[in-house]
>>> print(open('coords18.txt').read())   # compact mmCIF, N, CA and C atoms
# COMPACT_ATOMS: atom_id res chain seq x y z
N GLN Z 1 -11.57 -30.53 11.30
CA GLN Z 1 -10.26 -30.13 11.79
C GLN Z 1 -9.35 -29.84 10.60
N VAL Z 2 -8.61 -28.73 10.70
CA VAL Z 2 -7.68 -28.33 9.65
C VAL Z 2 -6.31 -28.11 10.28
N HIS Z 3 -5.29 -28.66 9.64
CA HIS Z 3 -3.92 -28.46 10.07
C HIS Z 3 -3.21 -27.58 9.06
N LEU Z 4 -2.59 -26.49 9.54
CA LEU Z 4 -1.97 -25.51 8.66
C LEU Z 4 -0.47 -25.44 8.95
N VAL Z 5 0.32 -25.45 7.89
CA VAL Z 5 1.78 -25.36 8.04
C VAL Z 5 2.30 -24.27 7.12
N GLU Z 6 2.88 -23.24 7.74
CA GLU Z 6 3.45 -22.12 6.98
C GLU Z 6 4.93 -22.38 6.68
N SER Z 7 5.40 -21.77 5.61
CA SER Z 7 6.82 -21.80 5.28
C SER Z 7 7.15 -20.58 4.43
N GLY Z 8 8.45 -20.34 4.25
CA GLY Z 8 8.88 -19.27 3.36
C GLY Z 8 9.40 -18.03 4.05
N GLY Z 9 9.32 -17.99 5.36
CA GLY Z 9 9.84 -16.83 6.07
C GLY Z 9 11.36 -16.80 6.06
N GLY Z 10 11.90 -15.68 6.54
CA GLY Z 10 13.35 -15.56 6.60
C GLY Z 10 13.77 -14.13 6.76
N LEU Z 11 15.06 -13.90 6.54
CA LEU Z 11 15.65 -12.57 6.63
C LEU Z 11 15.80 -12.00 5.22
N VAL Z 12 15.33 -10.78 5.03
CA VAL Z 12 15.41 -10.13 3.72
C VAL Z 12 15.75 -8.66 3.92
N GLN Z 13 16.44 -8.09 2.96
CA GLN Z 13 16.79 -6.67 3.04
C GLN Z 13 15.59 -5.80 2.67
N PRO Z 14 15.56 -4.58 3.16
CA PRO Z 14 14.50 -3.66 2.75
C PRO Z 14 14.44 -3.53 1.23
N GLY Z 15 13.21 -3.56 0.71
CA GLY Z 15 13.01 -3.52 -0.73
C GLY Z 15 12.96 -4.89 -1.37
N GLY Z 16 13.28 -5.92 -0.62
CA GLY Z 16 13.29 -7.28 -1.14
C GLY Z 16 11.92 -7.92 -1.15
N SER Z 17 11.92 -9.19 -1.54
CA SER Z 17 10.67 -9.94 -1.68
C SER Z 17 10.77 -11.30 -1.01
N LEU Z 18 9.63 -11.79 -0.60
CA LEU Z 18 9.50 -13.15 -0.06
C LEU Z 18 8.14 -13.68 -0.45
N ARG Z 19 8.04 -14.99 -0.57
CA ARG Z 19 6.74 -15.62 -0.78
C ARG Z 19 6.50 -16.62 0.34
N LEU Z 20 5.43 -16.39 1.08
CA LEU Z 20 5.01 -17.32 2.12
C LEU Z 20 4.02 -18.32 1.54
N SER Z 21 4.09 -19.54 2.06
CA SER Z 21 3.15 -20.59 1.68
C SER Z 21 2.50 -21.17 2.93
N CYS Z 22 1.28 -21.61 2.77
CA CYS Z 22 0.57 -22.26 3.87
C CYS Z 22 -0.18 -23.45 3.27
N VAL Z 23 0.23 -24.64 3.70
CA VAL Z 23 -0.41 -25.86 3.21
C VAL Z 23 -1.40 -26.35 4.26
N ALA Z 24 -2.60 -26.65 3.78
CA ALA Z 24 -3.68 -27.11 4.66
C ALA Z 24 -3.96 -28.60 4.45
N SER Z 25 -4.33 -29.26 5.52
CA SER Z 25 -4.72 -30.66 5.41
C SER Z 25 -5.84 -30.94 6.39
N GLY Z 26 -6.64 -31.95 6.08
CA GLY Z 26 -7.63 -32.40 7.03
C GLY Z 26 -9.07 -32.06 6.70
N SER Z 27 -9.31 -31.19 5.74
CA SER Z 27 -10.69 -30.86 5.41
C SER Z 27 -10.74 -30.33 3.98
N THR Z 28 -11.90 -29.92 3.55
CA THR Z 28 -12.06 -29.43 2.17
C THR Z 28 -11.57 -28.00 2.09
N PHE Z 29 -10.36 -27.85 1.60
CA PHE Z 29 -9.67 -26.56 1.59
C PHE Z 29 -10.47 -25.50 0.85
N SER Z 30 -11.06 -25.87 -0.26
CA SER Z 30 -11.71 -24.87 -1.12
C SER Z 30 -12.90 -24.20 -0.44
N ASN Z 31 -13.43 -24.79 0.61
CA ASN Z 31 -14.58 -24.20 1.30
C ASN Z 31 -14.20 -23.10 2.28
N TYR Z 32 -12.92 -23.00 2.59
CA TYR Z 32 -12.46 -22.10 3.65
C TYR Z 32 -12.04 -20.75 3.10
N ALA Z 33 -12.35 -19.70 3.86
CA ALA Z 33 -11.72 -18.41 3.64
C ALA Z 33 -10.33 -18.48 4.29
N MET Z 34 -9.33 -18.06 3.55
CA MET Z 34 -7.95 -18.14 4.03
C MET Z 34 -7.39 -16.73 4.22
N SER Z 35 -6.61 -16.57 5.24
CA SER Z 35 -6.04 -15.25 5.50
C SER Z 35 -4.65 -15.37 6.09
N TRP Z 36 -3.95 -14.25 6.00
CA TRP Z 36 -2.64 -14.10 6.64
C TRP Z 36 -2.74 -12.98 7.67
N TYR Z 37 -2.24 -13.28 8.85
CA TYR Z 37 -2.12 -12.30 9.92
C TYR Z 37 -0.64 -12.14 10.24
N ARG Z 38 -0.32 -11.10 10.97
CA ARG Z 38 1.04 -10.95 11.47
C ARG Z 38 1.02 -10.33 12.86
N GLN Z 39 2.07 -10.64 13.60
CA GLN Z 39 2.21 -10.09 14.94
C GLN Z 39 3.66 -9.70 15.17
N ALA Z 40 3.86 -8.41 15.36
CA ALA Z 40 5.18 -7.89 15.67
C ALA Z 40 5.37 -7.87 17.19
N PRO Z 41 6.61 -7.87 17.65
CA PRO Z 41 6.85 -7.86 19.10
C PRO Z 41 6.18 -6.67 19.77
N GLY Z 42 5.44 -6.96 20.84
CA GLY Z 42 4.77 -5.91 21.59
C GLY Z 42 3.51 -5.37 20.96
N LYS Z 43 3.10 -5.96 19.84
CA LYS Z 43 1.90 -5.47 19.15
C LYS Z 43 0.86 -6.57 19.05
N GLU Z 44 -0.38 -6.16 18.78
CA GLU Z 44 -1.45 -7.13 18.60
C GLU Z 44 -1.35 -7.79 17.22
N ARG Z 45 -1.91 -8.98 17.13
CA ARG Z 45 -1.97 -9.65 15.84
C ARG Z 45 -2.93 -8.89 14.93
N GLU Z 46 -2.52 -8.69 13.69
CA GLU Z 46 -3.35 -7.92 12.76
C GLU Z 46 -3.55 -8.68 11.46
N LEU Z 47 -4.71 -8.44 10.85
CA LEU Z 47 -5.02 -9.04 9.56
C LEU Z 47 -4.22 -8.34 8.47
N VAL Z 48 -3.56 -9.13 7.64
CA VAL Z 48 -2.76 -8.61 6.53
C VAL Z 48 -3.53 -8.72 5.21
N ALA Z 49 -4.04 -9.92 4.94
CA ALA Z 49 -4.73 -10.16 3.68
C ALA Z 49 -5.65 -11.36 3.83
N LEU Z 50 -6.70 -11.36 3.02
CA LEU Z 50 -7.68 -12.44 3.06
C LEU Z 50 -8.12 -12.78 1.65
N ILE Z 51 -8.38 -14.06 1.41
CA ILE Z 51 -8.97 -14.49 0.14
C ILE Z 51 -10.11 -15.44 0.47
N SER Z 52 -11.27 -15.14 -0.08
CA SER Z 52 -12.46 -15.93 0.22
C SER Z 52 -12.49 -17.21 -0.61
N ASP Z 53 -13.46 -18.04 -0.31
CA ASP Z 53 -13.63 -19.26 -1.11
C ASP Z 53 -14.01 -18.90 -2.54
N GLY Z 54 -14.56 -17.71 -2.74
CA GLY Z 54 -14.92 -17.25 -4.07
C GLY Z 54 -13.85 -16.39 -4.72
N MET Z 55 -12.64 -16.36 -4.14
CA MET Z 55 -11.48 -15.65 -4.69
C MET Z 55 -11.54 -14.13 -4.53
N ASN Z 56 -12.46 -13.65 -3.70
CA ASN Z 56 -12.43 -12.22 -3.38
C ASN Z 56 -11.28 -11.96 -2.42
N THR Z 57 -10.63 -10.82 -2.56
CA THR Z 57 -9.48 -10.52 -1.72
C THR Z 57 -9.66 -9.21 -0.96
N TYR Z 58 -8.95 -9.14 0.15
CA TYR Z 58 -8.92 -7.94 0.99
C TYR Z 58 -7.48 -7.76 1.47
N TYR Z 59 -7.06 -6.48 1.53
CA TYR Z 59 -5.72 -6.17 2.02
C TYR Z 59 -5.77 -5.05 3.05
N ALA Z 60 -4.94 -5.16 4.06
CA ALA Z 60 -4.75 -4.04 4.97
C ALA Z 60 -4.12 -2.88 4.21
N ASP Z 61 -4.45 -1.68 4.60
CA ASP Z 61 -3.92 -0.51 3.90
C ASP Z 61 -2.39 -0.49 3.90
N SER Z 62 -1.81 -1.01 4.96
CA SER Z 62 -0.35 -0.95 5.10
C SER Z 62 0.38 -1.83 4.09
N VAL Z 63 -0.31 -2.78 3.48
CA VAL Z 63 0.35 -3.69 2.52
C VAL Z 63 -0.24 -3.60 1.12
N LYS Z 64 -1.28 -2.81 0.96
CA LYS Z 64 -1.95 -2.71 -0.34
C LYS Z 64 -0.96 -2.22 -1.40
N GLY Z 65 -0.94 -2.91 -2.53
CA GLY Z 65 -0.03 -2.57 -3.61
C GLY Z 65 1.34 -3.23 -3.49
N ARG Z 66 1.62 -3.85 -2.36
CA ARG Z 66 2.92 -4.52 -2.15
C ARG Z 66 2.78 -6.03 -1.98
N PHE Z 67 1.69 -6.46 -1.37
CA PHE Z 67 1.47 -7.88 -1.10
C PHE Z 67 0.34 -8.41 -1.98
N ILE Z 68 0.45 -9.67 -2.34
CA ILE Z 68 -0.61 -10.33 -3.11
C ILE Z 68 -0.91 -11.68 -2.46
N ILE Z 69 -2.18 -11.91 -2.15
CA ILE Z 69 -2.62 -13.19 -1.62
C ILE Z 69 -3.25 -14.00 -2.76
N SER Z 70 -2.96 -15.29 -2.77
CA SER Z 70 -3.54 -16.16 -3.79
C SER Z 70 -3.71 -17.54 -3.19
N ARG Z 71 -4.46 -18.37 -3.88
CA ARG Z 71 -4.67 -19.74 -3.39
C ARG Z 71 -4.71 -20.70 -4.59
N ASP Z 72 -4.26 -21.91 -4.30
CA ASP Z 72 -4.31 -22.99 -5.29
C ASP Z 72 -5.06 -24.13 -4.62
N ASN Z 73 -6.34 -24.25 -4.93
CA ASN Z 73 -7.16 -25.26 -4.26
C ASN Z 73 -6.73 -26.68 -4.60
N ALA Z 74 -6.14 -26.87 -5.75
CA ALA Z 74 -5.66 -28.20 -6.12
C ALA Z 74 -4.49 -28.63 -5.25
N LYS Z 75 -3.76 -27.66 -4.72
CA LYS Z 75 -2.60 -27.96 -3.86
C LYS Z 75 -2.87 -27.68 -2.39
N ASN Z 76 -4.11 -27.30 -2.08
CA ASN Z 76 -4.47 -26.98 -0.68
C ASN Z 76 -3.52 -25.94 -0.08
N THR Z 77 -3.18 -24.95 -0.88
CA THR Z 77 -2.16 -23.99 -0.47
C THR Z 77 -2.62 -22.56 -0.71
N VAL Z 78 -2.30 -21.71 0.26
CA VAL Z 78 -2.49 -20.27 0.11
C VAL Z 78 -1.12 -19.61 0.17
N TYR Z 79 -0.95 -18.57 -0.64
CA TYR Z 79 0.34 -17.90 -0.74
C TYR Z 79 0.20 -16.42 -0.34
N LEU Z 80 1.31 -15.86 0.09
CA LEU Z 80 1.40 -14.42 0.28
C LEU Z 80 2.69 -13.96 -0.37
N GLN Z 81 2.56 -13.31 -1.52
CA GLN Z 81 3.72 -12.75 -2.21
C GLN Z 81 3.95 -11.36 -1.66
N MET Z 82 5.11 -11.14 -1.07
CA MET Z 82 5.43 -9.87 -0.42
C MET Z 82 6.57 -9.20 -1.19
N SER Z 83 6.34 -7.97 -1.60
CA SER Z 83 7.34 -7.21 -2.34
C SER Z 83 7.56 -5.86 -1.67
N SER Z 84 8.64 -5.21 -2.06
CA SER Z 84 8.97 -3.89 -1.50
C SER Z 84 8.89 -3.90 0.03
N LEU Z 85 9.50 -4.91 0.60
CA LEU Z 85 9.39 -5.10 2.04
C LEU Z 85 10.07 -3.97 2.81
N LYS Z 86 9.47 -3.66 3.94
CA LYS Z 86 9.95 -2.59 4.81
C LYS Z 86 10.29 -3.16 6.19
N PRO Z 87 11.15 -2.50 6.93
CA PRO Z 87 11.45 -2.99 8.29
C PRO Z 87 10.19 -3.17 9.14
N GLU Z 88 9.19 -2.34 8.92
CA GLU Z 88 7.96 -2.45 9.71
C GLU Z 88 7.11 -3.65 9.33
N ASP Z 89 7.51 -4.38 8.30
CA ASP Z 89 6.84 -5.64 7.96
C ASP Z 89 7.37 -6.80 8.80
N THR Z 90 8.39 -6.56 9.57
CA THR Z 90 8.97 -7.59 10.42
C THR Z 90 7.95 -8.08 11.43
N ALA Z 91 7.71 -9.39 11.44
CA ALA Z 91 6.71 -9.98 12.32
C ALA Z 91 6.70 -11.49 12.14
N VAL Z 92 5.97 -12.16 13.00
CA VAL Z 92 5.62 -13.55 12.76
C VAL Z 92 4.33 -13.55 11.96
N TYR Z 93 4.34 -14.24 10.84
CA TYR Z 93 3.19 -14.31 9.95
C TYR Z 93 2.45 -15.64 10.16
N TYR Z 94 1.14 -15.51 10.35
CA TYR Z 94 0.30 -16.67 10.63
C TYR Z 94 -0.73 -16.85 9.52
N CYS Z 95 -0.97 -18.09 9.20
CA CYS Z 95 -2.02 -18.46 8.27
C CYS Z 95 -3.27 -18.82 9.08
N ARG Z 96 -4.43 -18.48 8.55
CA ARG Z 96 -5.68 -18.79 9.23
C ARG Z 96 -6.70 -19.29 8.22
N ALA Z 97 -7.43 -20.33 8.64
CA ALA Z 97 -8.52 -20.88 7.83
C ALA Z 97 -9.81 -20.72 8.60
N VAL Z 98 -10.84 -20.21 7.94
CA VAL Z 98 -12.13 -19.98 8.60
C VAL Z 98 -13.26 -20.52 7.74
N LEU Z 99 -14.16 -21.26 8.40
CA LEU Z 99 -15.39 -21.71 7.76
C LEU Z 99 -16.53 -21.39 8.71
N VAL Z 100 -17.36 -20.44 8.32
CA VAL Z 100 -18.45 -19.92 9.15
C VAL Z 100 -17.81 -19.37 10.43
N SER Z 101 -18.03 -20.00 11.58
CA SER Z 101 -17.52 -19.46 12.83
C SER Z 101 -16.35 -20.25 13.40
N ILE Z 102 -15.85 -21.20 12.63
CA ILE Z 102 -14.76 -22.06 13.11
C ILE Z 102 -13.47 -21.64 12.41
N GLY Z 103 -12.44 -21.38 13.21
CA GLY Z 103 -11.17 -20.95 12.65
C GLY Z 103 -10.00 -21.77 13.16
N TYR Z 104 -8.97 -21.85 12.33
CA TYR Z 104 -7.76 -22.59 12.67
C TYR Z 104 -6.55 -21.71 12.36
N TRP Z 105 -5.51 -21.87 13.19
CA TRP Z 105 -4.27 -21.12 13.01
C TRP Z 105 -3.11 -22.06 12.69
N GLY Z 106 -2.18 -21.56 11.91
CA GLY Z 106 -0.91 -22.23 11.76
C GLY Z 106 0.03 -21.82 12.89
N GLN Z 107 1.26 -22.36 12.83
CA GLN Z 107 2.21 -22.12 13.92
C GLN Z 107 3.00 -20.84 13.71
N GLY Z 108 2.96 -20.28 12.51
CA GLY Z 108 3.64 -19.03 12.23
C GLY Z 108 5.00 -19.21 11.60
N THR Z 109 5.41 -18.19 10.84
CA THR Z 109 6.74 -18.17 10.24
C THR Z 109 7.30 -16.76 10.40
N GLN Z 110 8.56 -16.67 10.79
CA GLN Z 110 9.17 -15.38 11.08
C GLN Z 110 9.64 -14.71 9.79
N VAL Z 111 9.29 -13.44 9.65
CA VAL Z 111 9.80 -12.60 8.57
C VAL Z 111 10.53 -11.43 9.20
N THR Z 112 11.79 -11.27 8.83
CA THR Z 112 12.60 -10.18 9.35
C THR Z 112 13.14 -9.36 8.18
N VAL Z 113 12.82 -8.07 8.19
CA VAL Z 113 13.29 -7.17 7.14
C VAL Z 113 14.32 -6.24 7.76
N SER Z 114 15.56 -6.43 7.36
CA SER Z 114 16.65 -5.67 7.97
C SER Z 114 17.86 -5.66 7.05
N SER Z 115 18.61 -4.59 7.11
CA SER Z 115 19.85 -4.51 6.34
C SER Z 115 21.04 -4.95 7.20
>>> encode(input="coords18.txt", output="structure tokens")
Amino acid sequence: QVHLVESGGGLVQPGGSLRLSCVASGSTFSNYAMSWYRQAPGKERELVALISDGMNTYYADSVKGRFIISRDNAKNTVYLQMSSLKPEDTAVYYCRAVLVSIGYWGQGTQVTVSS
């Protein structure tokens, strides 16, 4: 069992930056592939970025070059550094931990990009 708690969301102007954090507890964090998803109102939840247990990363085309995912296994934490934010980045951002076929979700943190 893994418990995930996200933080760092908020209101930011277009072009601004935010860093999301997700702290995991309850299992061996370093074994899990960690990812960030987002869900905008009226839309399906979509994968934003992923970092494997081996530090390989993947980004959705819509955030490539603007977002950076990283992890600190000593702190059981995964981060999402978001830059050059756009109004279309507005969504609830969720952290996810996956080991083989078992996955866990955090409760989400709201990110709103607006002037």
>>> atom_distance(input="coords18.txt", atom1="CA of Ile69 (chain Z)", atom2="CA of Leu50 (chain Z)")
6.9 Å
>>> closest_residue(input="coords18.txt", among="Z:Lys43, Z:Tyr79, Z:Met55, Z:Gly65", to="Val23 (chain Z)", atoms="all atoms listed in the file")
Z:Tyr79
>>> residues_around(input="coords18.txt", residues="Ser17 (chain Z)", least_positions_apart="2", cutoff="6.5 Å", atoms="all atoms listed in the file", output="list of chain:residue names")
Z:Val12, Z:Gln13, Z:Gly15, Z:Arg19, Z:Met82, Z:Ser83, Z:Ser84, Z:Leu85
>>> write_last_selection(input="coords18.txt", atoms="N, CA and C atoms", output="JSON list (two decimals), in the coordinates of the input")
[["chain", "number", "residue", "atom", "x", "y", "z"],
["Z", 12, "VAL", "N", 15.33, -10.78, 5.03],
["Z", 12, "VAL", "CA", 15.41, -10.13, 3.72],
["Z", 12, "VAL", "C", 15.75, -8.66, 3.92],
["Z", 13, "GLN", "N", 16.44, -8.09, 2.96],
["Z", 13, "GLN", "CA", 16.79, -6.67, 3.04],
["Z", 13, "GLN", "C", 15.59, -5.80, 2.67],
["Z", 15, "GLY", "N", 13.21, -3.56, 0.71],
["Z", 15, "GLY", "CA", 13.01, -3.52, -0.73],
["Z", 15, "GLY", "C", 12.96, -4.89, -1.37],
["Z", 19, "ARG", "N", 8.04, -14.99, -0.57],
["Z", 19, "ARG", "CA", 6.74, -15.62, -0.78],
["Z", 19, "ARG", "C", 6.50, -16.62, 0.34],
["Z", 82, "MET", "N", 5.11, -11.14, -1.07],
["Z", 82, "MET", "CA", 5.43, -9.87, -0.42],
["Z", 82, "MET", "C", 6.57, -9.20, -1.19],
["Z", 83, "SER", "N", 6.34, -7.97, -1.60],
["Z", 83, "SER", "CA", 7.34, -7.21, -2.34],
["Z", 83, "SER", "C", 7.56, -5.86, -1.67],
["Z", 84, "SER", "N", 8.64, -5.21, -2.06],
["Z", 84, "SER", "CA", 8.97, -3.89, -1.50],
["Z", 84, "SER", "C", 8.89, -3.90, 0.03],
["Z", 85, "LEU", "N", 9.50, -4.91, 0.60],
["Z", 85, "LEU", "CA", 9.39, -5.10, 2.04],
["Z", 85, "LEU", "C", 10.07, -3.97, 2.81]]
>>> residues_near_point(input="coords18.txt", point="(9.7, -4.8, 6.8)", cutoff="7 Å", atoms="only N, CA and C atoms", output="PyMOL selection string")
chain Z and resi 14+84-91+112-114
>>> residues_around(input="coords18.txt", residues="region 93-105 of chain Z", least_positions_apart="3", cutoff="6 Å", atoms="all atoms listed in the file", output="PyMOL selection string")
chain Z and resi 4+31-39+108-111
>>> decode(input="coords18.txt", residues="region 18-29 of chain Z", atoms="all heavy atoms", output="PDB file, in the first residue's frame")
ATOM      1  N   LEU Z  18       5.436  26.869 -11.564  1.00  0.00           N
ATOM      2  CA  LEU Z  18       5.042  26.221 -10.315  1.00  0.00           C
ATOM      3  C   LEU Z  18       5.815  24.923 -10.202  1.00  0.00           C
ATOM      4  O   LEU Z  18       6.162  24.316 -11.225  1.00  0.00           O
ATOM      5  CB  LEU Z  18       3.545  25.892 -10.289  1.00  0.00           C
ATOM      6  CG  LEU Z  18       2.519  26.964  -9.945  1.00  0.00           C
ATOM      7  CD1 LEU Z  18       1.117  26.395 -10.078  1.00  0.00           C
ATOM      8  CD2 LEU Z  18       2.753  27.519  -8.555  1.00  0.00           C
ATOM      9  N   ARG Z  19       6.048  24.497  -8.968  1.00  0.00           N
ATOM     10  CA  ARG Z  19       6.628  23.172  -8.746  1.00  0.00           C
ATOM     11  C   ARG Z  19       5.685  22.364  -7.877  1.00  0.00           C
ATOM     12  O   ARG Z  19       5.385  22.753  -6.743  1.00  0.00           O
ATOM     13  CB  ARG Z  19       8.004  23.242  -8.088  1.00  0.00           C
ATOM     14  CG  ARG Z  19       8.675  21.866  -8.043  1.00  0.00           C
ATOM     15  CD  ARG Z  19      10.076  21.901  -7.486  1.00  0.00           C
ATOM     16  NE  ARG Z  19      10.103  21.925  -6.027  1.00  0.00           N
ATOM     17  CZ  ARG Z  19      11.129  21.534  -5.287  1.00  0.00           C
ATOM     18  NH1 ARG Z  19      12.228  21.081  -5.875  1.00  0.00           N
ATOM     19  NH2 ARG Z  19      11.070  21.625  -3.976  1.00  0.00           N
ATOM     20  N   LEU Z  20       5.240  21.248  -8.416  1.00  0.00           N
ATOM     21  CA  LEU Z  20       4.411  20.316  -7.661  1.00  0.00           C
ATOM     22  C   LEU Z  20       5.299  19.272  -6.993  1.00  0.00           C
ATOM     23  O   LEU Z  20       6.314  18.861  -7.550  1.00  0.00           O
ATOM     24  CB  LEU Z  20       3.416  19.625  -8.576  1.00  0.00           C
ATOM     25  CG  LEU Z  20       2.503  20.519  -9.424  1.00  0.00           C
ATOM     26  CD1 LEU Z  20       1.523  19.660 -10.225  1.00  0.00           C
ATOM     27  CD2 LEU Z  20       1.778  21.526  -8.576  1.00  0.00           C
ATOM     28  N   SER Z  21       4.859  18.853  -5.809  1.00  0.00           N
ATOM     29  CA  SER Z  21       5.553  17.791  -5.080  1.00  0.00           C
ATOM     30  C   SER Z  21       4.557  16.693  -4.729  1.00  0.00           C
ATOM     31  O   SER Z  21       3.380  16.960  -4.507  1.00  0.00           O
ATOM     32  CB  SER Z  21       6.176  18.330  -3.797  1.00  0.00           C
ATOM     33  OG  SER Z  21       7.111  19.352  -4.063  1.00  0.00           O
ATOM     34  N   CYS Z  22       5.059  15.490  -4.663  1.00  0.00           N
ATOM     35  CA  CYS Z  22       4.235  14.351  -4.259  1.00  0.00           C
ATOM     36  C   CYS Z  22       5.088  13.482  -3.335  1.00  0.00           C
ATOM     37  O   CYS Z  22       6.101  12.933  -3.763  1.00  0.00           O
ATOM     38  CB  CYS Z  22       3.774  13.557  -5.468  1.00  0.00           C
ATOM     39  SG  CYS Z  22       2.950  11.993  -5.087  1.00  0.00           S
ATOM     40  N   VAL Z  23       4.652  13.404  -2.087  1.00  0.00           N
ATOM     41  CA  VAL Z  23       5.369  12.606  -1.098  1.00  0.00           C
ATOM     42  C   VAL Z  23       4.662  11.267  -0.936  1.00  0.00           C
ATOM     43  O   VAL Z  23       3.439  11.212  -0.757  1.00  0.00           O
ATOM     44  CB  VAL Z  23       5.443  13.336   0.248  1.00  0.00           C
ATOM     45  CG1 VAL Z  23       6.184  12.486   1.265  1.00  0.00           C
ATOM     46  CG2 VAL Z  23       6.133  14.684   0.091  1.00  0.00           C
ATOM     47  N   ALA Z  24       5.453  10.205  -0.988  1.00  0.00           N
ATOM     48  CA  ALA Z  24       4.919   8.847  -0.875  1.00  0.00           C
ATOM     49  C   ALA Z  24       5.298   8.225   0.464  1.00  0.00           C
ATOM     50  O   ALA Z  24       6.384   8.473   0.980  1.00  0.00           O
ATOM     51  CB  ALA Z  24       5.449   7.983  -2.009  1.00  0.00           C
ATOM     52  N   SER Z  25       4.417   7.406   0.981  1.00  0.00           N
ATOM     53  CA  SER Z  25       4.718   6.675   2.207  1.00  0.00           C
ATOM     54  C   SER Z  25       4.087   5.298   2.130  1.00  0.00           C
ATOM     55  O   SER Z  25       3.115   5.090   1.396  1.00  0.00           O
ATOM     56  CB  SER Z  25       4.187   7.430   3.429  1.00  0.00           C
ATOM     57  OG  SER Z  25       2.792   7.589   3.354  1.00  0.00           O
ATOM     58  N   GLY Z  26       4.669   4.361   2.863  1.00  0.00           N
ATOM     59  CA  GLY Z  26       4.041   3.063   2.994  1.00  0.00           C
ATOM     60  C   GLY Z  26       4.714   1.924   2.257  1.00  0.00           C
ATOM     61  O   GLY Z  26       4.361   0.780   2.470  1.00  0.00           O
ATOM     62  N   SER Z  27       5.647   2.216   1.366  1.00  0.00           N
ATOM     63  CA  SER Z  27       6.305   1.135   0.644  1.00  0.00           C
ATOM     64  C   SER Z  27       7.651   1.628   0.143  1.00  0.00           C
ATOM     65  O   SER Z  27       8.053   2.753   0.427  1.00  0.00           O
ATOM     66  CB  SER Z  27       5.428   0.679  -0.520  1.00  0.00           C
ATOM     67  OG  SER Z  27       5.956  -0.503  -1.093  1.00  0.00           O
ATOM     68  N   THR Z  28       8.348   0.791  -0.580  1.00  0.00           N
ATOM     69  CA  THR Z  28       9.679   1.152  -1.080  1.00  0.00           C
ATOM     70  C   THR Z  28       9.531   2.041  -2.307  1.00  0.00           C
ATOM     71  O   THR Z  28       9.308   1.559  -3.421  1.00  0.00           O
ATOM     72  CB  THR Z  28      10.498  -0.101  -1.422  1.00  0.00           C
ATOM     73  OG1 THR Z  28      10.529  -0.963  -0.295  1.00  0.00           O
ATOM     74  CG2 THR Z  28      11.912   0.286  -1.808  1.00  0.00           C
ATOM     75  N   PHE Z  29       9.674   3.330  -2.087  1.00  0.00           N
ATOM     76  CA  PHE Z  29       9.415   4.331  -3.123  1.00  0.00           C
ATOM     77  C   PHE Z  29      10.264   4.095  -4.357  1.00  0.00           C
ATOM     78  O   PHE Z  29       9.774   4.221  -5.489  1.00  0.00           O
ATOM     79  CB  PHE Z  29       9.681   5.719  -2.545  1.00  0.00           C
ATOM     80  CG  PHE Z  29       9.540   6.840  -3.526  1.00  0.00           C
ATOM     81  CD1 PHE Z  29       8.291   7.304  -3.886  1.00  0.00           C
ATOM     82  CD2 PHE Z  29      10.664   7.445  -4.076  1.00  0.00           C
ATOM     83  CE1 PHE Z  29       8.144   8.344  -4.781  1.00  0.00           C
ATOM     84  CE2 PHE Z  29      10.530   8.498  -4.972  1.00  0.00           C
ATOM     85  CZ  PHE Z  29       9.267   8.949  -5.329  1.00  0.00           C
TER      86      PHE Z  29
END
